[in-house]
Structure formats: C-alpha cells, structure tokens
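Engineer: What follows is query_27.txt, compact mmCIF, N, CA and C atoms.
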```
# COMPACT_ATOMS: atom_id res chain seq x y z
N MET A 1 0.81 -1.18 0.00
CA MET A 1 0.00 0.00 0.00
C MET A 1 0.87 1.26 0.00
N GLU A 2 1.96 1.24 0.79
CA GLU A 2 2.84 2.41 0.85
C GLU A 2 3.43 2.74 -0.51
N MET A 3 3.68 1.72 -1.31
CA MET A 3 4.28 1.93 -2.62
C MET A 3 3.23 2.23 -3.69
N GLY A 4 1.96 2.10 -3.34
CA GLY A 4 0.90 2.34 -4.32
C GLY A 4 0.77 1.22 -5.33
N VAL A 5 1.12 0.00 -4.93
CA VAL A 5 1.06 -1.16 -5.83
C VAL A 5 0.04 -2.13 -5.27
N CYS A 6 -0.80 -2.68 -6.12
CA CYS A 6 -1.81 -3.61 -5.65
C CYS A 6 -1.20 -4.99 -5.39
N THR A 7 -1.87 -5.77 -4.58
CA THR A 7 -1.41 -7.10 -4.19
C THR A 7 -1.19 -7.99 -5.40
N SER A 8 -2.08 -7.93 -6.37
CA SER A 8 -1.94 -8.79 -7.54
C SER A 8 -0.66 -8.45 -8.32
N ARG A 9 -0.28 -7.19 -8.37
CA ARG A 9 0.96 -6.79 -9.06
C ARG A 9 2.18 -7.35 -8.31
N VAL A 10 2.14 -7.28 -6.99
CA VAL A 10 3.24 -7.83 -6.18
C VAL A 10 3.35 -9.33 -6.43
N ASN A 11 2.22 -10.03 -6.41
CA ASN A 11 2.23 -11.48 -6.66
C ASN A 11 2.75 -11.80 -8.05
N ASP A 12 2.37 -10.99 -9.05
CA ASP A 12 2.90 -11.18 -10.40
C ASP A 12 4.42 -11.02 -10.42
N CYS A 13 4.92 -10.02 -9.73
CA CYS A 13 6.38 -9.80 -9.67
C CYS A 13 7.09 -10.96 -8.98
N LEU A 14 6.48 -11.49 -7.90
CA LEU A 14 7.08 -12.62 -7.21
C LEU A 14 7.09 -13.87 -8.10
N ARG A 15 6.01 -14.08 -8.86
CA ARG A 15 5.98 -15.22 -9.78
C ARG A 15 7.04 -15.05 -10.87
N TYR A 16 7.20 -13.84 -11.39
CA TYR A 16 8.20 -13.56 -12.41
C TYR A 16 9.60 -13.80 -11.86
N ALA A 17 9.86 -13.32 -10.65
CA ALA A 17 11.17 -13.53 -10.04
C ALA A 17 11.43 -15.01 -9.82
N SER A 18 10.42 -15.74 -9.34
CA SER A 18 10.58 -17.19 -9.14
C SER A 18 10.89 -17.90 -10.45
N ALA A 19 10.22 -17.49 -11.52
CA ALA A 19 10.48 -18.09 -12.84
C ALA A 19 11.91 -17.78 -13.29
N LYS A 20 12.35 -16.54 -13.10
CA LYS A 20 13.72 -16.17 -13.49
C LYS A 20 14.75 -16.95 -12.68
N LEU A 21 14.40 -17.31 -11.45
CA LEU A 21 15.31 -18.07 -10.59
C LEU A 21 15.14 -19.58 -10.78
N HIS A 22 14.26 -19.97 -11.72
CA HIS A 22 14.02 -21.39 -12.04
C HIS A 22 13.54 -22.16 -10.83
N SER A 23 12.67 -21.56 -10.04
CA SER A 23 12.11 -22.22 -8.87
C SER A 23 10.64 -21.83 -8.73
N PRO A 24 9.73 -22.77 -8.93
CA PRO A 24 8.31 -22.43 -8.86
C PRO A 24 7.81 -22.11 -7.45
N GLU A 25 8.49 -22.59 -6.44
CA GLU A 25 8.09 -22.36 -5.06
C GLU A 25 8.95 -21.28 -4.44
N ARG A 26 8.36 -20.40 -3.64
CA ARG A 26 9.09 -19.26 -3.07
C ARG A 26 10.27 -19.66 -2.18
N PRO A 27 10.16 -20.69 -1.32
CA PRO A 27 11.34 -21.05 -0.52
C PRO A 27 12.54 -21.40 -1.40
N GLY A 28 12.30 -22.12 -2.48
CA GLY A 28 13.38 -22.46 -3.40
C GLY A 28 13.94 -21.24 -4.10
N ALA A 29 13.06 -20.29 -4.42
CA ALA A 29 13.51 -19.05 -5.06
C ALA A 29 14.41 -18.25 -4.10
N VAL A 30 14.04 -18.21 -2.82
CA VAL A 30 14.87 -17.51 -1.83
C VAL A 30 16.25 -18.18 -1.74
N HIS A 31 16.26 -19.50 -1.66
CA HIS A 31 17.53 -20.24 -1.58
C HIS A 31 18.39 -19.95 -2.81
N ARG A 32 17.79 -20.02 -3.97
CA ARG A 32 18.52 -19.78 -5.22
C ARG A 32 19.03 -18.34 -5.30
N ALA A 33 18.23 -17.38 -4.83
CA ALA A 33 18.66 -15.98 -4.82
C ALA A 33 19.87 -15.80 -3.91
N TYR A 34 19.90 -16.51 -2.78
CA TYR A 34 21.09 -16.48 -1.91
C TYR A 34 22.30 -17.05 -2.65
N LEU A 35 22.10 -18.20 -3.31
CA LEU A 35 23.20 -18.87 -4.01
C LEU A 35 23.80 -17.98 -5.10
N LEU A 36 22.93 -17.29 -5.83
CA LEU A 36 23.38 -16.48 -6.95
C LEU A 36 23.83 -15.08 -6.54
N GLY A 37 23.65 -14.74 -5.27
CA GLY A 37 24.05 -13.43 -4.79
C GLY A 37 23.06 -12.32 -5.12
N VAL A 38 21.86 -12.69 -5.56
CA VAL A 38 20.82 -11.71 -5.85
C VAL A 38 20.35 -11.07 -4.53
N ILE A 39 20.29 -11.89 -3.49
CA ILE A 39 20.00 -11.44 -2.13
C ILE A 39 21.20 -11.84 -1.28
N SER A 40 21.68 -10.95 -0.46
CA SER A 40 22.80 -11.30 0.42
C SER A 40 22.36 -12.36 1.42
N PRO A 41 23.09 -13.47 1.49
CA PRO A 41 22.70 -14.52 2.43
C PRO A 41 22.90 -14.04 3.87
N PRO A 42 22.15 -14.61 4.80
CA PRO A 42 22.29 -14.20 6.19
C PRO A 42 23.62 -14.67 6.78
N GLU A 43 24.06 -13.99 7.81
CA GLU A 43 25.28 -14.37 8.53
C GLU A 43 25.04 -15.68 9.26
N HIS A 44 26.10 -16.48 9.37
CA HIS A 44 26.01 -17.73 10.14
C HIS A 44 25.94 -17.41 11.62
N THR A 45 25.18 -18.21 12.34
CA THR A 45 25.12 -18.09 13.79
C THR A 45 25.64 -19.39 14.39
N ASN A 46 25.91 -19.37 15.66
CA ASN A 46 26.36 -20.59 16.35
C ASN A 46 25.20 -21.31 17.02
N ASP A 47 23.96 -20.89 16.73
CA ASP A 47 22.79 -21.50 17.35
C ASP A 47 22.67 -22.99 17.04
N GLY A 48 23.11 -23.42 15.87
CA GLY A 48 22.87 -24.78 15.43
C GLY A 48 24.00 -25.75 15.68
N VAL A 49 24.93 -25.41 16.59
CA VAL A 49 26.09 -26.26 16.82
C VAL A 49 25.68 -27.67 17.21
N ASN A 50 24.70 -27.83 18.07
CA ASN A 50 24.27 -29.16 18.53
C ASN A 50 22.96 -29.60 17.88
N LEU A 51 22.64 -29.01 16.76
CA LEU A 51 21.39 -29.29 16.08
C LEU A 51 21.48 -30.63 15.35
N VAL A 52 20.50 -31.51 15.58
CA VAL A 52 20.46 -32.81 14.92
C VAL A 52 19.12 -32.94 14.21
N LEU A 53 19.18 -33.12 12.89
CA LEU A 53 17.97 -33.28 12.09
C LEU A 53 17.76 -34.76 11.76
N SER A 54 16.51 -35.16 11.71
CA SER A 54 16.20 -36.52 11.27
C SER A 54 16.36 -36.59 9.75
N THR A 55 16.37 -37.80 9.23
CA THR A 55 16.45 -37.98 7.78
C THR A 55 15.29 -37.29 7.08
N GLY A 56 14.08 -37.43 7.64
CA GLY A 56 12.92 -36.79 7.05
C GLY A 56 13.02 -35.27 7.06
N GLN A 57 13.56 -34.72 8.14
CA GLN A 57 13.73 -33.27 8.22
C GLN A 57 14.76 -32.79 7.20
N HIS A 58 15.83 -33.55 7.01
CA HIS A 58 16.81 -33.21 5.97
C HIS A 58 16.16 -33.23 4.60
N GLU A 59 15.34 -34.25 4.32
CA GLU A 59 14.67 -34.34 3.02
C GLU A 59 13.73 -33.16 2.79
N VAL A 60 13.02 -32.76 3.83
CA VAL A 60 12.11 -31.61 3.70
C VAL A 60 12.92 -30.34 3.42
N LEU A 61 13.98 -30.12 4.16
CA LEU A 61 14.80 -28.92 3.97
C LEU A 61 15.42 -28.89 2.58
N ARG A 62 16.01 -30.01 2.16
CA ARG A 62 16.61 -30.08 0.82
C ARG A 62 15.55 -29.89 -0.27
N GLY A 63 14.38 -30.50 -0.09
CA GLY A 63 13.32 -30.38 -1.08
C GLY A 63 12.81 -28.96 -1.21
N LEU A 64 12.54 -28.31 -0.08
CA LEU A 64 12.06 -26.93 -0.13
C LEU A 64 13.12 -26.01 -0.74
N ALA A 65 14.37 -26.20 -0.37
CA ALA A 65 15.45 -25.39 -0.93
C ALA A 65 15.60 -25.65 -2.43
N GLY A 66 15.28 -26.85 -2.86
CA GLY A 66 15.34 -27.20 -4.27
C GLY A 66 14.14 -26.74 -5.07
N GLY A 67 13.21 -26.05 -4.42
CA GLY A 67 12.05 -25.51 -5.13
C GLY A 67 10.86 -26.45 -5.20
N GLN A 68 10.86 -27.50 -4.40
CA GLN A 68 9.77 -28.47 -4.45
C GLN A 68 8.72 -28.17 -3.39
N ASP A 69 7.50 -28.64 -3.62
CA ASP A 69 6.46 -28.50 -2.60
C ASP A 69 6.39 -29.80 -1.80
N LEU A 70 5.59 -29.78 -0.73
CA LEU A 70 5.54 -30.94 0.17
C LEU A 70 4.99 -32.18 -0.52
N GLY A 71 4.05 -32.00 -1.45
CA GLY A 71 3.52 -33.15 -2.20
C GLY A 71 4.61 -33.84 -3.00
N TRP A 72 5.45 -33.06 -3.67
CA TRP A 72 6.55 -33.62 -4.45
C TRP A 72 7.54 -34.32 -3.53
N ILE A 73 7.85 -33.68 -2.41
CA ILE A 73 8.81 -34.27 -1.45
C ILE A 73 8.28 -35.60 -0.96
N ALA A 74 7.00 -35.66 -0.62
CA ALA A 74 6.41 -36.91 -0.14
C ALA A 74 6.47 -37.98 -1.23
N ALA A 75 6.07 -37.63 -2.44
CA ALA A 75 6.04 -38.60 -3.53
C ALA A 75 7.43 -39.14 -3.85
N ASN A 76 8.43 -38.29 -3.77
CA ASN A 76 9.78 -38.70 -4.14
C ASN A 76 10.60 -39.27 -2.99
N SER A 77 10.11 -39.15 -1.78
CA SER A 77 10.83 -39.74 -0.64
C SER A 77 10.20 -41.07 -0.24
N GLY A 78 9.01 -41.35 -0.76
CA GLY A 78 8.32 -42.58 -0.40
C GLY A 78 7.58 -42.48 0.92
N ALA A 79 7.57 -41.29 1.52
CA ALA A 79 6.88 -41.09 2.79
C ALA A 79 5.47 -40.59 2.53
N HIS A 80 4.58 -40.88 3.44
CA HIS A 80 3.21 -40.39 3.35
C HIS A 80 3.22 -38.88 3.55
N ALA A 81 2.30 -38.19 2.89
CA ALA A 81 2.24 -36.72 2.97
C ALA A 81 2.10 -36.23 4.40
N ASP A 82 1.35 -36.96 5.24
CA ASP A 82 1.20 -36.56 6.65
C ASP A 82 2.53 -36.62 7.39
N VAL A 83 3.36 -37.60 7.06
CA VAL A 83 4.67 -37.73 7.70
C VAL A 83 5.57 -36.57 7.28
N VAL A 84 5.52 -36.21 6.00
CA VAL A 84 6.32 -35.09 5.50
C VAL A 84 5.88 -33.79 6.16
N ARG A 85 4.57 -33.59 6.29
CA ARG A 85 4.07 -32.38 6.97
C ARG A 85 4.51 -32.36 8.43
N ARG A 86 4.46 -33.51 9.09
CA ARG A 86 4.91 -33.60 10.49
C ARG A 86 6.40 -33.28 10.59
N ASP A 87 7.19 -33.83 9.68
CA ASP A 87 8.63 -33.53 9.67
C ASP A 87 8.88 -32.04 9.46
N MET A 88 8.10 -31.41 8.59
CA MET A 88 8.28 -29.99 8.34
C MET A 88 7.94 -29.18 9.59
N ARG A 89 6.82 -29.51 10.25
CA ARG A 89 6.45 -28.78 11.47
C ARG A 89 7.51 -28.95 12.55
N ALA A 90 8.03 -30.17 12.71
CA ALA A 90 9.06 -30.42 13.72
C ALA A 90 10.34 -29.66 13.37
N LEU A 91 10.70 -29.63 12.10
CA LEU A 91 11.88 -28.91 11.65
C LEU A 91 11.74 -27.42 11.91
N MET A 92 10.57 -26.88 11.58
CA MET A 92 10.34 -25.45 11.78
C MET A 92 10.41 -25.09 13.27
N ALA A 93 9.88 -25.94 14.12
CA ALA A 93 9.96 -25.70 15.57
C ALA A 93 11.41 -25.81 16.04
N LEU A 94 12.14 -26.79 15.52
CA LEU A 94 13.53 -27.00 15.93
C LEU A 94 14.42 -25.81 15.61
N VAL A 95 14.22 -25.22 14.44
CA VAL A 95 15.09 -24.09 14.03
C VAL A 95 14.43 -22.74 14.27
N ASP A 96 13.25 -22.75 14.87
CA ASP A 96 12.52 -21.53 15.22
C ASP A 96 12.17 -20.71 13.97
N ALA A 97 11.57 -21.39 12.99
CA ALA A 97 11.14 -20.72 11.75
C ALA A 97 9.63 -20.55 11.76
N ARG A 98 9.16 -19.42 11.25
CA ARG A 98 7.74 -19.11 11.24
C ARG A 98 7.06 -19.47 9.93
N THR A 99 7.80 -19.44 8.82
CA THR A 99 7.26 -19.76 7.50
C THR A 99 8.29 -20.62 6.77
N THR A 100 7.89 -21.16 5.62
CA THR A 100 8.85 -21.98 4.87
C THR A 100 9.99 -21.12 4.31
N MET A 101 9.70 -19.87 3.97
CA MET A 101 10.79 -18.99 3.50
C MET A 101 11.73 -18.65 4.65
N HIS A 102 11.16 -18.47 5.85
CA HIS A 102 11.99 -18.22 7.03
C HIS A 102 12.82 -19.48 7.34
N LEU A 103 12.27 -20.65 7.07
CA LEU A 103 13.00 -21.91 7.27
C LEU A 103 14.27 -21.93 6.41
N ILE A 104 14.17 -21.45 5.18
CA ILE A 104 15.35 -21.39 4.31
C ILE A 104 16.39 -20.43 4.90
N ARG A 105 15.94 -19.28 5.35
CA ARG A 105 16.86 -18.31 5.97
C ARG A 105 17.54 -18.93 7.19
N ARG A 106 16.74 -19.58 8.05
CA ARG A 106 17.31 -20.21 9.25
C ARG A 106 18.29 -21.33 8.86
N GLY A 107 17.97 -22.06 7.79
CA GLY A 107 18.89 -23.10 7.32
C GLY A 107 20.24 -22.51 6.93
N TRP A 108 20.23 -21.35 6.30
CA TRP A 108 21.48 -20.68 5.94
C TRP A 108 22.19 -20.17 7.20
N GLU A 109 21.43 -19.56 8.10
CA GLU A 109 22.03 -19.04 9.33
C GLU A 109 22.70 -20.13 10.15
N LEU A 110 22.09 -21.30 10.17
CA LEU A 110 22.58 -22.40 10.99
C LEU A 110 23.60 -23.27 10.26
N GLY A 111 23.90 -22.96 9.02
CA GLY A 111 24.88 -23.74 8.26
C GLY A 111 24.33 -25.04 7.70
N LEU A 112 23.00 -25.19 7.71
CA LEU A 112 22.39 -26.40 7.15
C LEU A 112 22.22 -26.29 5.64
N LEU A 113 22.21 -25.08 5.14
CA LEU A 113 22.11 -24.80 3.71
C LEU A 113 23.24 -23.86 3.33
N GLY A 114 23.60 -23.88 2.09
CA GLY A 114 24.63 -22.99 1.57
C GLY A 114 25.25 -23.56 0.32
N PRO A 115 26.11 -22.80 -0.30
CA PRO A 115 26.71 -23.27 -1.55
C PRO A 115 27.69 -24.41 -1.32
N THR A 116 27.73 -25.30 -2.28
CA THR A 116 28.75 -26.36 -2.30
C THR A 116 29.75 -25.99 -3.38
N ARG A 117 30.84 -26.70 -3.45
CA ARG A 117 31.84 -26.42 -4.49
C ARG A 117 31.22 -26.48 -5.88
N ASN A 118 30.33 -27.43 -6.12
CA ASN A 118 29.67 -27.58 -7.41
C ASN A 118 28.87 -26.34 -7.77
N GLU A 119 28.20 -25.74 -6.78
CA GLU A 119 27.40 -24.55 -7.05
C GLU A 119 28.27 -23.34 -7.35
N VAL A 120 29.44 -23.26 -6.74
CA VAL A 120 30.33 -22.14 -6.98
C VAL A 120 30.82 -22.17 -8.42
N SER A 121 31.15 -23.37 -8.92
CA SER A 121 31.65 -23.47 -10.29
C SER A 121 30.53 -23.47 -11.32
N ASN A 122 29.32 -23.90 -10.93
CA ASN A 122 28.19 -23.95 -11.85
C ASN A 122 26.93 -23.48 -11.14
N PRO A 123 26.67 -22.17 -11.12
CA PRO A 123 25.54 -21.65 -10.35
C PRO A 123 24.17 -22.05 -10.89
N SER A 124 24.10 -22.66 -12.06
CA SER A 124 22.78 -23.11 -12.53
C SER A 124 22.35 -24.39 -11.84
N THR A 125 23.28 -25.07 -11.18
CA THR A 125 22.98 -26.28 -10.44
C THR A 125 22.63 -25.91 -9.00
N VAL A 126 21.53 -26.41 -8.50
CA VAL A 126 21.16 -26.12 -7.13
C VAL A 126 21.16 -27.41 -6.34
N SER A 127 22.01 -27.47 -5.33
CA SER A 127 21.99 -28.58 -4.38
C SER A 127 22.16 -27.97 -3.01
N VAL A 128 22.00 -28.79 -1.99
CA VAL A 128 21.98 -28.26 -0.64
C VAL A 128 22.90 -29.09 0.24
N ASN A 129 23.67 -28.42 1.08
CA ASN A 129 24.42 -29.14 2.10
C ASN A 129 23.45 -29.80 3.04
N SER A 130 23.67 -31.05 3.38
CA SER A 130 22.77 -31.71 4.30
C SER A 130 23.29 -31.66 5.73
N GLY A 131 24.45 -31.09 5.91
CA GLY A 131 25.00 -30.97 7.26
C GLY A 131 26.15 -30.02 7.27
N ARG A 132 26.82 -29.92 8.39
CA ARG A 132 27.94 -29.00 8.52
C ARG A 132 29.19 -29.59 7.85
N ASP A 133 30.00 -28.74 7.22
CA ASP A 133 31.27 -29.19 6.61
C ASP A 133 32.38 -29.07 7.61
```
Can the structure from this file be put into structure tokens for me?

Structural biologist:
Amino acid sequence: MEMGVCTSRVNDCLRYASAKLHSPERPGAVHRAYLLGVISPPEHTNDGVNLVLSTGQHEVLRGLAGGQDLGWIAANSGAHADVVRRDMRALMALVDARTTMHLIRRGWELGLLGPTRNEVSNPSTVSVNSGRD
C-alpha cells in the first residue's frame, strides 16, 4: 500500500522472479537468490552447533530449498504426505522458523544450507548441504 502497488501486481512480480530463478516455489527461489548473490545470504550463527535433524527433516529442507512443494517431497521420498508435513512442522519448531521462506533463511544461518563447491563453479545447479562441513 505504501508503494501504491496492488497485491496482484506484487504477486505477479514474485511469480516472475521465481520463474527467473528457475524455482516455482518461493522457498526455493529464496535459496537460489542467496546462491546467486541476488539477495545477500544471512550471517552464520552458532545457534545450530548441537542441532540434529532426522532424515525426514533433511529431506524436507533439501526439497524446499530445491524448489519443491511438500507433495513432491512426499512422492519422491516414499513417505506419506502426513509424515512429511509432520517432519516440516518439527523442523520449523527445531530451528525456530515461522514460515517456509523463514526456514530457508534459518537453514542458511545455521549452516544447514549454503553453496557447495559444485554450485560455486556452476551456479545453474542447485543442491543443498545436508550438514555441517
């Protein structure tokens, strides 16, 4: 409202940005924007030093960062959709994230997400660290 732009225009711009970042889902677009330097990634914190994620939580985090939705993550992990949703809620509580986009930010802050050597040499490839290096 302050900018004098309607909600539908903002949503159109977000869809366009997501398409340019080759990620249909906003959490994946945020992750990709961090990787490409379009948005400055958050500083690392030491909050996650003793953080332990389950296999399902890792799959949810990697899937969301890769631009996938929960249905796709469930179908490709072989887990029931309810289990994937439970893993996502537990992950969000564990890292103190309020939304899926905030989950990506927290993943970067905690060192659970970030560029790998492959991404530095080929930024069109998106993969996610599954743990601390």

Engineer: Could you work out how far CA of Leu70 (chain A) lies from CA of Gly28 (chain A), giving the answer in Å with one decimal?

Structural biologist: 12.1 Å

Engineer: So that I can check the surroundings of region 74-89 of chain A, please list as a ChimeraX atom specification every protein, DNA and RNA residue that reaches within 6.5 Å of it, counting only N, CA and C atoms and ignoring chain neighbours fewer than 6 positions away.

Structural biologist: /A:56-57,60

Engineer: I want to know what sits within 6.5 Å of region 29-31 of chain A, based on only N, CA and C atoms, with residues of the same chain fewer than 5 positions away left out; could you give that as an MDAnalysis selection string?

Structural biologist: chainID A and resid 18 21 23:24 36 65 67 104

Engineer: Give me, please, the distance in Å between CA of Ala33 (chain A) and CA of Leu113 (chain A), quoted to one decimal.

Structural biologist: 12.7 Å

Engineer: Provide the CA of Ala17 (chain A) to atom C of Thr99 (chain A) distance in Å, to one decimal place.

Structural biologist: 18.5 Å

Engineer: Limit the output to N, CA, C and O atoms and give region 53-74 of chain A as a PDB file, in the first residue's frame.

Structural biologist:
```pdb
ATOM      1  N   LEU A  53      19.183 -33.124  12.891  1.00  0.00           N
ATOM      2  CA  LEU A  53      17.967 -33.284  12.093  1.00  0.00           C
ATOM      3  C   LEU A  53      17.764 -34.755  11.760  1.00  0.00           C
ATOM      4  O   LEU A  53      18.727 -35.483  11.508  1.00  0.00           O
ATOM      5  N   SER A  54      16.510 -35.160  11.706  1.00  0.00           N
ATOM      6  CA  SER A  54      16.197 -36.516  11.266  1.00  0.00           C
ATOM      7  C   SER A  54      16.365 -36.589   9.750  1.00  0.00           C
ATOM      8  O   SER A  54      16.454 -35.563   9.070  1.00  0.00           O
ATOM      9  N   THR A  55      16.366 -37.801   9.225  1.00  0.00           N
ATOM     10  CA  THR A  55      16.452 -37.982   7.780  1.00  0.00           C
ATOM     11  C   THR A  55      15.288 -37.294   7.082  1.00  0.00           C
ATOM     12  O   THR A  55      15.466 -36.619   6.076  1.00  0.00           O
ATOM     13  N   GLY A  56      14.085 -37.427   7.636  1.00  0.00           N
ATOM     14  CA  GLY A  56      12.916 -36.786   7.050  1.00  0.00           C
ATOM     15  C   GLY A  56      13.023 -35.274   7.059  1.00  0.00           C
ATOM     16  O   GLY A  56      12.643 -34.606   6.100  1.00  0.00           O
ATOM     17  N   GLN A  57      13.557 -34.722   8.143  1.00  0.00           N
ATOM     18  CA  GLN A  57      13.734 -33.271   8.224  1.00  0.00           C
ATOM     19  C   GLN A  57      14.756 -32.789   7.198  1.00  0.00           C
ATOM     20  O   GLN A  57      14.569 -31.753   6.570  1.00  0.00           O
ATOM     21  N   HIS A  58      15.832 -33.553   7.009  1.00  0.00           N
ATOM     22  CA  HIS A  58      16.808 -33.213   5.968  1.00  0.00           C
ATOM     23  C   HIS A  58      16.158 -33.226   4.596  1.00  0.00           C
ATOM     24  O   HIS A  58      16.395 -32.340   3.774  1.00  0.00           O
ATOM     25  N   GLU A  59      15.338 -34.251   4.323  1.00  0.00           N
ATOM     26  CA  GLU A  59      14.665 -34.340   3.019  1.00  0.00           C
ATOM     27  C   GLU A  59      13.732 -33.160   2.789  1.00  0.00           C
ATOM     28  O   GLU A  59      13.679 -32.616   1.684  1.00  0.00           O
ATOM     29  N   VAL A  60      13.017 -32.755   3.829  1.00  0.00           N
ATOM     30  CA  VAL A  60      12.111 -31.608   3.705  1.00  0.00           C
ATOM     31  C   VAL A  60      12.919 -30.343   3.416  1.00  0.00           C
ATOM     32  O   VAL A  60      12.602 -29.587   2.495  1.00  0.00           O
ATOM     33  N   LEU A  61      13.980 -30.121   4.163  1.00  0.00           N
ATOM     34  CA  LEU A  61      14.796 -28.918   3.972  1.00  0.00           C
ATOM     35  C   LEU A  61      15.423 -28.888   2.584  1.00  0.00           C
ATOM     36  O   LEU A  61      15.363 -27.885   1.881  1.00  0.00           O
ATOM     37  N   ARG A  62      16.007 -30.010   2.159  1.00  0.00           N
ATOM     38  CA  ARG A  62      16.607 -30.083   0.816  1.00  0.00           C
ATOM     39  C   ARG A  62      15.553 -29.895  -0.270  1.00  0.00           C
ATOM     40  O   ARG A  62      15.790 -29.215  -1.261  1.00  0.00           O
ATOM     41  N   GLY A  63      14.383 -30.503  -0.086  1.00  0.00           N
ATOM     42  CA  GLY A  63      13.324 -30.383  -1.084  1.00  0.00           C
ATOM     43  C   GLY A  63      12.811 -28.958  -1.214  1.00  0.00           C
ATOM     44  O   GLY A  63      12.677 -28.439  -2.319  1.00  0.00           O
ATOM     45  N   LEU A  64      12.544 -28.314  -0.083  1.00  0.00           N
ATOM     46  CA  LEU A  64      12.063 -26.928  -0.126  1.00  0.00           C
ATOM     47  C   LEU A  64      13.117 -26.013  -0.740  1.00  0.00           C
ATOM     48  O   LEU A  64      12.805 -25.146  -1.553  1.00  0.00           O
ATOM     49  N   ALA A  65      14.371 -26.205  -0.368  1.00  0.00           N
ATOM     50  CA  ALA A  65      15.453 -25.388  -0.933  1.00  0.00           C
ATOM     51  C   ALA A  65      15.604 -25.651  -2.428  1.00  0.00           C
ATOM     52  O   ALA A  65      15.985 -24.761  -3.187  1.00  0.00           O
ATOM     53  N   GLY A  66      15.278 -26.855  -2.858  1.00  0.00           N
ATOM     54  CA  GLY A  66      15.344 -27.197  -4.275  1.00  0.00           C
ATOM     55  C   GLY A  66      14.141 -26.739  -5.074  1.00  0.00           C
ATOM     56  O   GLY A  66      14.034 -27.020  -6.264  1.00  0.00           O
ATOM     57  N   GLY A  67      13.207 -26.053  -4.421  1.00  0.00           N
ATOM     58  CA  GLY A  67      12.055 -25.513  -5.125  1.00  0.00           C
ATOM     59  C   GLY A  67      10.860 -26.447  -5.204  1.00  0.00           C
ATOM     60  O   GLY A  67       9.944 -26.208  -5.981  1.00  0.00           O
ATOM     61  N   GLN A  68      10.860 -27.499  -4.402  1.00  0.00           N
ATOM     62  CA  GLN A  68       9.766 -28.472  -4.455  1.00  0.00           C
ATOM     63  C   GLN A  68       8.719 -28.168  -3.390  1.00  0.00           C
ATOM     64  O   GLN A  68       9.021 -27.562  -2.367  1.00  0.00           O
ATOM     65  N   ASP A  69       7.500 -28.637  -3.618  1.00  0.00           N
ATOM     66  CA  ASP A  69       6.457 -28.499  -2.602  1.00  0.00           C
ATOM     67  C   ASP A  69       6.392 -29.800  -1.796  1.00  0.00           C
ATOM     68  O   ASP A  69       7.048 -30.789  -2.125  1.00  0.00           O
ATOM     69  N   LEU A  70       5.594 -29.779  -0.725  1.00  0.00           N
ATOM     70  CA  LEU A  70       5.541 -30.942   0.168  1.00  0.00           C
ATOM     71  C   LEU A  70       4.991 -32.181  -0.524  1.00  0.00           C
ATOM     72  O   LEU A  70       5.422 -33.294  -0.235  1.00  0.00           O
ATOM     73  N   GLY A  71       4.050 -32.002  -1.451  1.00  0.00           N
ATOM     74  CA  GLY A  71       3.524 -33.149  -2.199  1.00  0.00           C
ATOM     75  C   GLY A  71       4.609 -33.842  -3.003  1.00  0.00           C
ATOM     76  O   GLY A  71       4.698 -35.072  -3.025  1.00  0.00           O
ATOM     77  N   TRP A  72       5.449 -33.058  -3.670  1.00  0.00           N
ATOM     78  CA  TRP A  72       6.548 -33.617  -4.452  1.00  0.00           C
ATOM     79  C   TRP A  72       7.540 -34.315  -3.532  1.00  0.00           C
ATOM     80  O   TRP A  72       8.017 -35.411  -3.837  1.00  0.00           O
ATOM     81  N   ILE A  73       7.854 -33.677  -2.409  1.00  0.00           N
ATOM     82  CA  ILE A  73       8.807 -34.265  -1.453  1.00  0.00           C
ATOM     83  C   ILE A  73       8.281 -35.602  -0.958  1.00  0.00           C
ATOM     84  O   ILE A  73       9.026 -36.588  -0.906  1.00  0.00           O
ATOM     85  N   ALA A  74       7.003 -35.662  -0.618  1.00  0.00           N
ATOM     86  CA  ALA A  74       6.406 -36.914  -0.143  1.00  0.00           C
ATOM     87  C   ALA A  74       6.468 -37.983  -1.227  1.00  0.00           C
ATOM     88  O   ALA A  74       6.894 -39.112  -0.974  1.00  0.00           O
TER      89      ALA A  74
END
```
